[in-house]
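Q: run.txt is reproduced below (compact mmCIF, C-alpha atoms (C1' of nucleotides)).
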# COMPACT_ATOMS: atom_id res chain seq x y z
CA MET Z 1 5.36 -10.81 -10.61
CA SER Z 2 4.91 -14.48 -10.00
CA LEU Z 3 7.86 -16.70 -10.49
CA MET Z 4 5.78 -19.84 -10.59
CA ALA Z 5 5.63 -21.97 -13.63
CA PRO Z 6 3.08 -20.70 -16.13
CA THR Z 7 -0.18 -20.79 -14.22
CA GLN Z 8 -2.19 -23.65 -15.54
CA GLN Z 9 -5.70 -22.56 -16.27
CA VAL Z 10 -8.11 -23.87 -13.69
CA LYS Z 11 -11.62 -24.73 -14.72
CA ARG Z 12 -13.34 -21.38 -14.95
CA ARG Z 13 -16.87 -20.44 -15.85
CA ALA Z 14 -17.79 -17.64 -18.19
CA THR Z 15 -19.97 -15.10 -16.41
CA ASN Z 16 -21.41 -11.75 -17.25
CA GLN Z 17 -19.59 -10.16 -14.37
CA GLY Z 18 -16.26 -11.47 -15.43
CA ALA Z 19 -16.82 -10.20 -18.94
CA ALA Z 20 -17.95 -6.84 -17.62
CA VAL Z 21 -14.83 -6.38 -15.58
CA LYS Z 22 -12.64 -7.30 -18.50
CA GLU Z 23 -14.53 -4.93 -20.75
CA ALA Z 24 -14.20 -2.10 -18.31
CA LEU Z 25 -10.46 -2.62 -18.22
CA ALA Z 26 -10.21 -3.02 -21.96
CA ALA Z 27 -12.04 0.24 -22.50
CA GLU Z 28 -9.04 2.28 -21.51
CA ASP Z 29 -5.31 1.87 -21.61
CA THR Z 30 -4.82 3.24 -18.15
CA PHE Z 31 -4.16 1.58 -14.85
CA ARG Z 32 -7.33 1.63 -12.82
CA SER Z 33 -8.10 0.75 -9.24
CA ALA Z 34 -10.62 -1.84 -8.24
CA GLN Z 35 -12.75 0.82 -6.63
CA ASP Z 36 -12.64 2.81 -9.81
CA VAL Z 37 -13.65 -0.10 -12.00
CA TYR Z 38 -16.43 -0.94 -9.60
CA ALA Z 39 -17.76 2.62 -9.63
CA THR Z 40 -17.66 2.72 -13.41
CA LEU Z 41 -19.52 -0.52 -13.76
CA ARG Z 42 -22.22 0.48 -11.30
CA ALA Z 43 -22.57 3.90 -12.87
CA ASN Z 44 -23.01 1.97 -16.08
CA GLY Z 45 -25.96 0.12 -14.63
CA GLU Z 46 -24.00 -3.08 -14.33
CA LYS Z 47 -25.19 -5.34 -11.54
CA ILE Z 48 -22.04 -6.42 -9.80
CA GLY Z 49 -20.55 -6.51 -6.36
CA LEU Z 50 -17.29 -5.04 -5.19
CA SER Z 51 -16.04 -8.43 -4.07
CA THR Z 52 -16.58 -9.75 -7.53
CA VAL Z 53 -14.59 -6.96 -9.10
CA TYR Z 54 -11.66 -7.66 -6.81
CA ARG Z 55 -11.99 -11.36 -7.51
CA HIS Z 56 -11.82 -10.97 -11.26
CA LEU Z 57 -9.05 -8.46 -11.18
CA GLN Z 58 -7.00 -10.92 -9.17
CA ILE Z 59 -7.86 -13.71 -11.57
CA PHE Z 60 -6.69 -11.66 -14.52
CA VAL Z 61 -3.42 -11.10 -12.77
CA ASP Z 62 -3.03 -14.76 -11.92
CA ASP Z 63 -3.76 -15.70 -15.48
CA GLY Z 64 -1.28 -13.18 -16.79
CA LEU Z 65 -3.93 -11.16 -18.56
CA ALA Z 66 -3.37 -8.06 -16.50
CA ASP Z 67 -0.54 -6.20 -14.85
CA VAL Z 68 -0.74 -4.61 -11.44
CA ILE Z 69 1.14 -1.69 -10.16
CA HIS Z 70 0.96 -0.34 -6.67
CA LYS Z 71 0.73 3.39 -6.60
CA PRO Z 72 2.93 5.15 -4.08
CA ASP Z 73 -0.14 5.72 -1.93
CA GLY Z 74 -0.62 1.99 -1.70
CA GLU Z 75 -3.60 1.57 -3.96
CA SER Z 76 -3.40 -1.27 -6.46
CA THR Z 77 -4.19 -0.51 -10.06
CA TYR Z 78 -4.77 -2.91 -12.91
CA ARG Z 79 -4.53 -2.90 -16.65
CA LEU Z 80 -4.97 -5.54 -19.31
CA CYS Z 81 -1.76 -6.37 -21.10
CA GLY Z 82 -1.75 -8.13 -24.40
CA ASP Z 83 0.93 -10.72 -24.10
CA ALA Z 84 2.10 -9.72 -20.72
CA SER Z 85 2.83 -13.29 -19.80
CA THR Z 86 5.17 -13.82 -22.68
CA THR Z 87 6.89 -10.48 -22.79
CA HIS Z 88 8.31 -9.19 -19.57
CA HIS Z 89 7.97 -5.43 -19.56
CA HIS Z 90 7.54 -2.37 -17.41
CA HIS Z 91 5.49 0.80 -17.52
CA LEU Z 92 5.78 4.48 -17.94
CA VAL Z 93 2.76 5.77 -16.08
CA CYS Z 94 1.20 9.20 -15.97
CA ARG Z 95 0.78 10.06 -12.34
CA SER Z 96 -2.11 12.31 -13.19
CA CYS Z 97 -4.35 10.36 -15.55
CA GLY Z 98 -2.94 6.88 -15.13
CA LYS Z 99 -2.26 6.45 -18.82
CA ALA Z 100 0.49 3.90 -19.29
CA VAL Z 101 2.98 3.08 -21.97
CA GLU Z 102 4.57 -0.33 -22.03
CA ILE Z 103 8.31 -0.17 -22.14
CA GLU Z 104 11.11 -2.63 -22.32
CA GLY Z 105 14.62 -2.41 -21.06
CA PRO Z 106 16.62 -5.54 -21.70
CA ALA Z 107 19.62 -3.83 -20.17
CA VAL Z 108 17.75 -3.28 -16.95
CA GLU Z 109 16.80 -6.92 -16.75
CA THR Z 110 20.35 -8.14 -17.06
CA TRP Z 111 21.60 -5.45 -14.74
CA ALA Z 112 19.10 -6.50 -12.07
CA ASP Z 113 20.06 -10.13 -12.36
CA LYS Z 114 23.72 -9.37 -12.25
CA VAL Z 115 23.48 -7.16 -9.19
CA ALA Z 116 21.38 -9.72 -7.38
CA ALA Z 117 23.78 -12.51 -8.20
CA GLN Z 118 26.76 -10.48 -7.07
CA ASN Z 119 25.12 -10.11 -3.68
CA GLY Z 120 24.21 -13.73 -3.34
CA PHE Z 121 20.51 -13.22 -3.85
CA THR Z 122 18.45 -15.87 -5.58
CA ASP Z 123 14.88 -16.28 -6.72
CA VAL Z 124 14.95 -12.72 -7.92
CA ASN Z 125 12.37 -10.49 -9.47
CA HIS Z 126 12.09 -6.76 -9.71
CA THR Z 127 9.75 -3.87 -10.10
CA VAL Z 128 10.54 -0.95 -12.31
CA GLU Z 129 7.96 1.73 -12.80
CA ILE Z 130 8.51 5.17 -14.18
CA PHE Z 131 6.07 7.85 -13.13
CA GLY Z 132 5.70 11.19 -14.80
CA LEU Z 133 3.27 13.57 -16.41
CA CYS Z 134 2.15 12.70 -19.90
CA ALA Z 135 2.19 15.45 -22.51
CA THR Z 136 -1.56 15.90 -22.27
CA CYS Z 137 -1.64 16.30 -18.52
CA ALA Z 138 1.43 18.50 -18.52
CA ALA Z 139 -0.32 20.88 -20.89
CA ALA Z 140 -3.45 21.05 -18.77
CA MET L 1 11.89 9.88 -4.36
CA SER L 2 10.70 13.42 -4.00
CA LEU L 3 11.55 15.81 -6.76
CA MET L 4 11.03 18.87 -4.60
CA ALA L 5 13.85 21.16 -3.81
CA PRO L 6 15.81 19.97 -0.80
CA THR L 7 13.33 20.08 2.03
CA GLN L 8 14.24 22.97 4.25
CA GLN L 9 14.36 21.85 7.84
CA VAL L 10 11.42 23.11 9.81
CA LYS L 11 11.87 23.89 13.46
CA ARG L 12 11.87 20.52 15.14
CA ARG L 13 12.16 19.52 18.77
CA ALA L 14 14.30 16.73 20.06
CA THR L 15 12.21 14.18 21.91
CA ASN L 16 12.79 10.80 23.45
CA GLN L 17 10.27 9.22 21.17
CA GLY L 18 11.88 10.58 18.08
CA ALA L 19 15.23 9.29 19.20
CA ALA L 20 13.76 5.93 20.06
CA VAL L 21 12.29 5.48 16.62
CA LYS L 22 15.53 6.43 14.99
CA GLU L 23 17.44 4.03 17.18
CA ALA L 24 15.08 1.22 16.41
CA LEU L 25 15.64 1.78 12.73
CA ALA L 26 19.37 2.18 13.12
CA ALA L 27 19.59 -1.10 14.98
CA GLU L 28 19.14 -3.10 11.82
CA ASP L 29 19.87 -2.65 8.16
CA THR L 30 16.53 -3.99 7.09
CA PHE L 31 13.39 -2.32 5.90
CA ARG L 32 10.87 -2.41 8.68
CA SER L 33 7.21 -1.54 8.85
CA ALA L 34 5.77 1.03 11.19
CA GLN L 35 3.83 -1.67 12.98
CA ASP L 36 6.98 -3.67 13.38
CA VAL L 37 8.96 -0.77 14.78
CA TYR L 38 6.12 0.05 17.12
CA ALA L 39 5.93 -3.53 18.40
CA THR L 40 9.66 -3.63 18.94
CA LEU L 41 9.69 -0.41 20.88
CA ARG L 42 6.82 -1.44 23.09
CA ALA L 43 8.31 -4.86 23.68
CA ASN L 44 11.38 -2.96 24.67
CA GLY L 45 9.47 -1.13 27.35
CA GLU L 46 9.49 2.11 25.41
CA LYS L 47 6.54 4.36 26.14
CA ILE L 48 5.38 5.47 22.75
CA GLY L 49 2.21 5.56 20.70
CA LEU L 50 1.62 4.12 17.28
CA SER L 51 0.74 7.52 15.88
CA THR L 52 4.05 8.84 17.03
CA VAL L 53 5.94 6.08 15.29
CA TYR L 54 4.19 6.82 12.02
CA ARG L 55 4.80 10.50 12.53
CA HIS L 56 8.54 10.13 12.98
CA LEU L 57 8.93 7.65 10.21
CA GLN L 58 7.29 10.13 7.87
CA ILE L 59 9.49 12.91 9.17
CA PHE L 60 12.61 10.87 8.48
CA VAL L 61 11.44 10.34 4.95
CA ASP L 62 10.67 14.01 4.47
CA ASP L 63 14.06 14.94 5.80
CA GLY L 64 15.77 12.45 3.55
CA LEU L 65 17.07 10.39 6.43
CA ALA L 66 15.14 7.31 5.50
CA ASP L 67 13.98 5.48 2.42
CA VAL L 68 10.60 3.90 2.01
CA ILE L 69 9.64 1.00 -0.09
CA HIS L 70 6.16 -0.34 -0.52
CA LYS L 71 6.06 -4.07 -0.35
CA PRO L 72 3.95 -5.81 -2.95
CA ASP L 73 1.33 -6.42 -0.29
CA GLY L 74 1.01 -2.69 0.19
CA GLU L 75 2.74 -2.30 3.51
CA SER L 76 5.25 0.53 3.75
CA THR L 77 8.66 -0.25 5.13
CA TYR L 78 11.37 2.14 6.20
CA ARG L 79 15.10 2.12 6.61
CA LEU L 80 17.63 4.75 7.54
CA CYS L 81 19.93 5.60 4.67
CA GLY L 82 23.18 7.36 5.23
CA ASP L 83 23.34 9.97 2.55
CA ALA L 84 20.19 9.01 0.82
CA SER L 85 19.43 12.59 0.01
CA THR L 86 22.62 13.14 -1.88
CA THR L 87 23.02 9.81 -3.59
CA HIS L 88 20.09 8.53 -5.53
CA HIS L 89 20.05 4.77 -5.22
CA HIS L 90 17.86 1.71 -5.17
CA HIS L 91 17.64 -1.46 -3.16
CA LEU L 92 18.10 -5.14 -3.39
CA VAL L 93 15.77 -6.47 -0.73
CA CYS L 94 15.40 -9.90 0.78
CA ARG L 95 11.76 -10.75 0.58
CA SER L 96 12.09 -13.02 3.56
CA CYS L 97 14.06 -11.09 6.17
CA GLY L 98 13.88 -7.61 4.72
CA LYS L 99 17.62 -7.17 4.65
CA ALA L 100 18.54 -4.59 2.05
CA VAL L 101 21.60 -3.75 0.05
CA GLU L 102 21.93 -0.34 -1.49
CA ILE L 103 22.65 -0.49 -5.17
CA GLU L 104 23.29 1.98 -7.90
CA GLY L 105 22.61 1.77 -11.56
CA PRO L 106 23.57 4.90 -13.42
CA ALA L 107 22.57 3.20 -16.63
CA VAL L 108 19.08 2.66 -15.33
CA GLU L 109 18.72 6.30 -14.42
CA THR L 110 19.61 7.53 -17.86
CA TRP L 111 17.53 4.83 -19.49
CA ALA L 112 14.50 5.86 -17.48
CA ASP L 113 14.94 9.49 -18.35
CA LYS L 114 15.43 8.73 -22.00
CA VAL L 115 12.38 6.52 -22.27
CA ALA L 116 10.24 9.08 -20.49
CA ALA L 117 11.45 11.88 -22.72
CA GLN L 118 10.82 9.85 -25.85
CA ASN L 119 7.23 9.46 -24.80
CA GLY L 120 6.72 13.08 -23.94
CA PHE L 121 6.60 12.55 -20.21
CA THR L 122 7.95 15.19 -17.89
CA ASP L 123 8.48 15.61 -14.18
CA VAL L 124 9.69 12.05 -14.07
CA ASN L 125 10.80 9.83 -11.24
CA HIS L 126 11.01 6.10 -10.95
CA THR L 127 11.00 3.21 -8.56
CA VAL L 128 13.33 0.31 -9.01
CA GLU L 129 13.41 -2.40 -6.40
CA ILE L 130 14.85 -5.82 -6.71
CA PHE L 131 13.42 -8.52 -4.50
CA GLY L 132 15.01 -11.87 -3.86
CA LEU L 133 16.19 -14.25 -1.20
CA CYS L 134 19.46 -13.39 0.49
CA ALA L 135 22.03 -16.13 0.87
CA THR L 136 21.16 -16.59 4.53
CA CYS L 137 17.46 -17.01 3.99
CA ALA L 138 17.97 -19.19 0.95
CA ALA L 139 20.03 -21.57 3.07
CA ALA L 140 17.41 -21.77 5.79
C1' DG U 1 -34.61 -30.13 -17.77
C1' DT U 2 -31.83 -31.41 -13.73
C1' DC U 3 -28.12 -31.52 -10.79
C1' DT U 4 -23.45 -30.27 -9.32
C1' DT U 5 -20.79 -26.75 -7.98
C1' DA U 6 -18.39 -22.45 -9.41
C1' DT U 7 -19.73 -17.84 -8.89
C1' DT U 8 -21.95 -13.99 -6.83
C1' DG U 9 -22.70 -10.06 -3.65
C1' DG U 10 -23.56 -7.63 0.44
C1' DG U 11 -22.26 -6.84 4.70
C1' DA U 12 -19.07 -7.89 8.36
C1' DA U 13 -14.24 -8.15 9.44
C1' DT U 14 -9.36 -6.94 8.91
C1' DC U 15 -5.50 -3.96 8.70
C1' DA U 16 -2.54 -0.33 7.87
C1' DT U 17 -2.62 4.36 8.20
C1' DT U 18 -4.57 8.92 9.35
C1' DC U 19 -7.14 12.07 12.12
C1' DC U 20 -8.50 14.47 16.29
C1' DC U 21 -7.50 16.83 20.41
C1' DA U 22 -6.78 17.43 25.13
C1' DG U 23 -2.68 16.63 28.01
C1' DT U 24 2.47 16.98 28.22
C1' DA U 25 7.12 18.39 27.74
C1' DT U 26 10.80 21.17 25.10
C1' DG U 27 13.33 25.36 23.97
C1' DG U 28 13.58 30.12 24.13
C1' DC U 29 13.55 34.00 26.88
C1' DA U 30 13.60 37.01 30.73
C1' DT A 1 16.26 29.44 37.08
C1' DG A 2 11.37 29.94 36.26
C1' DC A 3 7.69 30.74 32.81
C1' DC A 4 5.31 30.53 28.55
C1' DA A 5 4.16 29.52 23.82
C1' DT A 6 3.60 25.77 21.27
C1' DA A 7 5.52 21.51 19.18
C1' DC A 8 4.97 16.84 20.44
C1' DT A 9 2.40 12.91 22.28
C1' DG A 10 -0.82 9.03 22.43
C1' DG A 11 -5.14 6.67 22.61
C1' DG A 12 -9.04 5.99 20.46
C1' DA A 13 -12.08 7.04 16.68
C1' DA A 14 -12.29 7.35 11.67
C1' DT A 15 -11.00 6.08 7.07
C1' DG A 16 -10.27 3.36 3.07
C1' DA A 17 -8.81 -0.43 0.61
C1' DT A 18 -9.10 -5.21 0.53
C1' DT A 19 -10.56 -9.75 2.26
C1' DC A 20 -13.74 -12.93 4.35
C1' DC A 21 -18.05 -15.41 4.97
C1' DC A 22 -21.92 -17.80 3.31
C1' DA A 23 -26.46 -18.37 1.65
C1' DA A 24 -28.56 -17.51 -2.88
C1' DT A 25 -27.78 -17.91 -7.87
C1' DA A 26 -26.61 -19.47 -12.30
C1' DA A 27 -23.18 -21.96 -15.66
C1' DG A 28 -22.42 -26.16 -17.96
C1' DA A 29 -22.41 -31.26 -18.23
C1' DC A 30 -25.26 -35.30 -18.81
Show me the file's structure as structure tokens.
A:
Amino acid sequence: MSLMAPTQQVKRRATNQGAAVKEALAAEDTFRSAQDVYATLRANGEKIGLSTVYRHLQIFVDDGLADVIHKPDGESTYRLCGDASTTHHHHLVCRSCGKAVEIEGPAVETWADKVAAQNGFTDVNHTVEIFGLCATCAAA
Amino acid sequence: MSLMAPTQQVKRRATNQGAAVKEALAAEDTFRSAQDVYATLRANGEKIGLSTVYRHLQIFVDDGLADVIHKPDGESTYRLCGDASTTHHHHLVCRSCGKAVEIEGPAVETWADKVAAQNGFTDVNHTVEIFGLCATCAAA
DNA sequence: GTCTTATTGGGAATCATTCCCAGTATGGCA
DNA sequence: TGCCATACTGGGAATGATTCCCAATAAGAC
């Protein structure tokens, strides 16, 4: 989402908690809320605080390691994304299980820029999320 | 955004408060938060409660009179939209002043549907919002 | 090992939004 | 025109996610 220049890595220590959060996210290819990740970690016996989970999630986003999407109900959900920072992309998200598929739409990008320019808008970015029911959830 | 069948109007009374909220929204073509609308109304001497503002805003949305967009920070903002219910459209929003321009992108619609179908997703809908700085705000 | 300081976590604080419910006002009806 | 059933109102409590604060803890450099 950020339009800043590539975030330069700040000095950052390697901690168990940070690794745990990353692992939790890596375990599934779905968008998960901070609360959810926290619950999972605790249930897993991990010793970690909620604040810390939020902190790391935010760091991942800042570092371009994770994508965020805000569910319609306002909750923020996170997911690790391979080369998210290098490849701008969007998501097709299952509104039931959260499973997400990365999608690209070059046409959409150019369309967005064009429309913005035509209306005199600058410093533009956009959000495109497609919600639906994945095959699995639809069958259930 | 809803995929339901056109909401059938429930019996609904005409009240001063309801009218006031609608007027407040109609006064400007920008997306405004409930808190914002509430503050404006009160500042304007209107006798109305915060709950009531939220209530009417939600009603407008349900009735297809208004559009909602969730700002990246999670706050919900509302704006009256002429024939929103009949014409599916998106918005180009100024991230500074909230001013919004209605835009259409037939290509985006079909693209979204196609991508979803290819991935086995059903019951699909999507959100597309473009944020930027309008000419006025950019100049300031 | 020691020291500097980033990191942690738990509880308080914030904030938007929702809930609850007794009081109020609208619309229908006689 | 007056009355009644009930939709609407609003203030404060409740909720829930997220942020803040800060003393205790633990990386990592020398």
Q: Excluding same-chain residues fewer than 4 positions from DA12 (chain U), what lies within 12 Å of it counting only C-alpha atoms (C1' of nucleotides), as a ChimeraX atom specification?
A: /A:19-22
Q: Applying 12 Å and only C-alpha atoms (C1' of nucleotides), which residues near DC29 (chain U) remain after dropping the ones on its own chain fewer than 2 positions away? List them as an MDAnalysis selection string.
A: (chainID U and resid 27) or (chainID A and resid 1:5)
Q: Write out as an MDAnalysis selection string which residues come within 12 Å of Thr15 (chain Z) when counting all atoms listed in the file, dropping same-chain ones fewer than 2 positions away.
A: (chainID Z and resid 12:13 17:22 48 52 56) or (chainID U and resid 6:8) or (chainID A and resid 25:28)
Q: Under the rule that all atoms listed in the file are counted, which of Z:Asn125, Z:Phe60, Z:Trp111, Z:Val68 is the nearest residue to Arg95 (chain L)?
A: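 Going through Z:Asn125, Z:Phe60, Z:Trp111, Z:Val68 one by one, the smallest distance to Arg95 (chain L) is for Z:Asn125.
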Q: Against chain L, which residues of chain U fall within 12 Å? For each one I want the closest pair of atoms and the distance in Å (one decimal), counting all atoms listed in the file, rows by chain and increasing residue number, as CSV.
A:
residue,atom,partner,partner_atom,distance
U:DC15,C1',L:Glu75,CA,9.9
U:DA16,C1',L:Glu75,CA,7.1
U:DT17,C1',L:Tyr54,CA,8.2
U:DT18,C1',L:Ser51,CA,8.5
U:DC19,C1',L:Ser51,CA,9.8
U:DC20,C1',L:Ser51,CA,11.6
U:DT24,C1',L:Thr15,CA,11.9
U:DA25,C1',L:Thr15,CA,8.8
U:DT26,C1',L:Arg13,CA,6.7
U:DG27,C1',L:Arg13,CA,7.9
U:DG28,C1',L:Arg13,CA,12.0
Q: What is the CA of Gly49 (chain Z)-C1' of DG16 (chain A) distance in Å, reported with one decimal?
A: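 About the pair CA of Gly49 (chain Z) and C1' of DG16 (chain A): they are 17.1 Å apart.
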Q: Calculate how many Å separate CA of Leu80 (chain L) from CA of Arg55 (chain L), rounding to one decimal.
A: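 Here the two named atoms are 14.9 Å from each other.
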Q: Counting all atoms listed in the file, what is within 10 Å of Gly105 (chain Z), bar same-chain residues fewer than 6 positions away, as number ranges by chain?
A: Z: 88-90, 111, 128; L: 108, 111-112, 115
Q: Excluding same-chain residues fewer than 3 positions from DA29 (chain A), what lies within 12 Å of it counting only C-alpha atoms (C1' of nucleotides), as an NGL selection string?
A: :U and (2-5)
Q: Under the rule of at most 9 Å, produce a per-residue listing of chain L near chain Z: chain, number, name, the closest pair of atoms, and the distance in Å, as JSON lines, using only C-alpha atoms.
A:
{"residue": "L:Ile69", "atom": "CA", "partner": "Z:Pro72", "partner_atom": "CA", "distance": 8.8}
{"residue": "L:His70", "atom": "CA", "partner": "Z:Gly74", "partner_atom": "CA", "distance": 7.3}
{"residue": "L:Lys71", "atom": "CA", "partner": "Z:His70", "partner_atom": "CA", "distance": 8.9}
{"residue": "L:Pro72", "atom": "CA", "partner": "Z:His70", "partner_atom": "CA", "distance": 7.3}
{"residue": "L:Asp73", "atom": "CA", "partner": "Z:Gly74", "partner_atom": "CA", "distance": 8.7}
{"residue": "L:Gly74", "atom": "CA", "partner": "Z:Gly74", "partner_atom": "CA", "distance": 5.3}
{"residue": "L:Glu75", "atom": "CA", "partner": "Z:Gly74", "partner_atom": "CA", "distance": 7.5}
{"residue": "L:Ser76", "atom": "CA", "partner": "Z:Gly74", "partner_atom": "CA", "distance": 8.1}
{"residue": "L:Leu92", "atom": "CA", "partner": "Z:Ala116", "partner_atom": "CA", "distance": 6.9}
{"residue": "L:Val93", "atom": "CA", "partner": "Z:Phe121", "partner_atom": "CA", "distance": 8.8}
{"residue": "L:Cys94", "atom": "CA", "partner": "Z:Phe121", "partner_atom": "CA", "distance": 7.7}
{"residue": "L:Val101", "atom": "CA", "partner": "Z:Asn119", "partner_atom": "CA", "distance": 8.2}
{"residue": "L:Ile103", "atom": "CA", "partner": "Z:Val115", "partner_atom": "CA", "distance": 7.8}
{"residue": "L:Gly105", "atom": "CA", "partner": "Z:Trp111", "partner_atom": "CA", "distance": 8.0}
{"residue": "L:Ala107", "atom": "CA", "partner": "Z:Val108", "partner_atom": "CA", "distance": 8.1}
{"residue": "L:Val108", "atom": "CA", "partner": "Z:Val108", "partner_atom": "CA", "distance": 6.3}
{"residue": "L:Trp111", "atom": "CA", "partner": "Z:Gly105", "partner_atom": "CA", "distance": 8.0}
{"residue": "L:Ala112", "atom": "CA", "partner": "Z:Ile130", "partner_atom": "CA", "distance": 6.9}
{"residue": "L:Asp113", "atom": "CA", "partner": "Z:Ile130", "partner_atom": "CA", "distance": 8.8}
{"residue": "L:Val115", "atom": "CA", "partner": "Z:Ile103", "partner_atom": "CA", "distance": 7.8}
{"residue": "L:Ala116", "atom": "CA", "partner": "Z:Leu92", "partner_atom": "CA", "distance": 6.9}
{"residue": "L:Asn119", "atom": "CA", "partner": "Z:Cys134", "partner_atom": "CA", "distance": 7.8}
{"residue": "L:Gly120", "atom": "CA", "partner": "Z:Ala135", "partner_atom": "CA", "distance": 5.3}
{"residue": "L:Phe121", "atom": "CA", "partner": "Z:Cys134", "partner_atom": "CA", "distance": 4.5}
{"residue": "L:Thr122", "atom": "CA", "partner": "Z:Leu133", "partner_atom": "CA", "distance": 5.2}
{"residue": "L:Asp123", "atom": "CA", "partner": "Z:Gly132", "partner_atom": "CA", "distance": 5.3}
{"residue": "L:Val124", "atom": "CA", "partner": "Z:Gly132", "partner_atom": "CA", "distance": 4.1}
{"residue": "L:Asn125", "atom": "CA", "partner": "Z:Phe131", "partner_atom": "CA", "distance": 5.5}
{"residue": "L:His126", "atom": "CA", "partner": "Z:Ile130", "partner_atom": "CA", "distance": 4.2}
{"residue": "L:Thr127", "atom": "CA", "partner": "Z:Glu129", "partner_atom": "CA", "distance": 5.4}
{"residue": "L:Val128", "atom": "CA", "partner": "Z:Val128", "partner_atom": "CA", "distance": 4.5}
{"residue": "L:Glu129", "atom": "CA", "partner": "Z:Thr127", "partner_atom": "CA", "distance": 5.4}
{"residue": "L:Ile130", "atom": "CA", "partner": "Z:His126", "partner_atom": "CA", "distance": 4.2}
{"residue": "L:Phe131", "atom": "CA", "partner": "Z:Asn125", "partner_atom": "CA", "distance": 5.4}
{"residue": "L:Gly132", "atom": "CA", "partner": "Z:Val124", "partner_atom": "CA", "distance": 4.1}
{"residue": "L:Leu133", "atom": "CA", "partner": "Z:Phe121", "partner_atom": "CA", "distance": 5.2}
{"residue": "L:Cys134", "atom": "CA", "partner": "Z:Phe121", "partner_atom": "CA", "distance": 4.5}
{"residue": "L:Ala135", "atom": "CA", "partner": "Z:Gly120", "partner_atom": "CA", "distance": 5.3}
{"residue": "L:Thr136", "atom": "CA", "partner": "Z:Gly120", "partner_atom": "CA", "distance": 8.9}
{"residue": "L:Ala138", "atom": "CA", "partner": "Z:Thr122", "partner_atom": "CA", "distance": 7.3}
Q: As an exercise, work out the distance from C1' of DT18 (chain A) to CA of Ala39 (chain Z) in Å and give it to one decimal place.
A: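 Distance between the two atoms: 15.5 Å.
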Q: Show me, as a list in words, the residues of chain A whose atoms get within 7 Å of chain L, using all atoms listed in the file for the distance check.
A: DA7, DT9 and DG10 of chain A
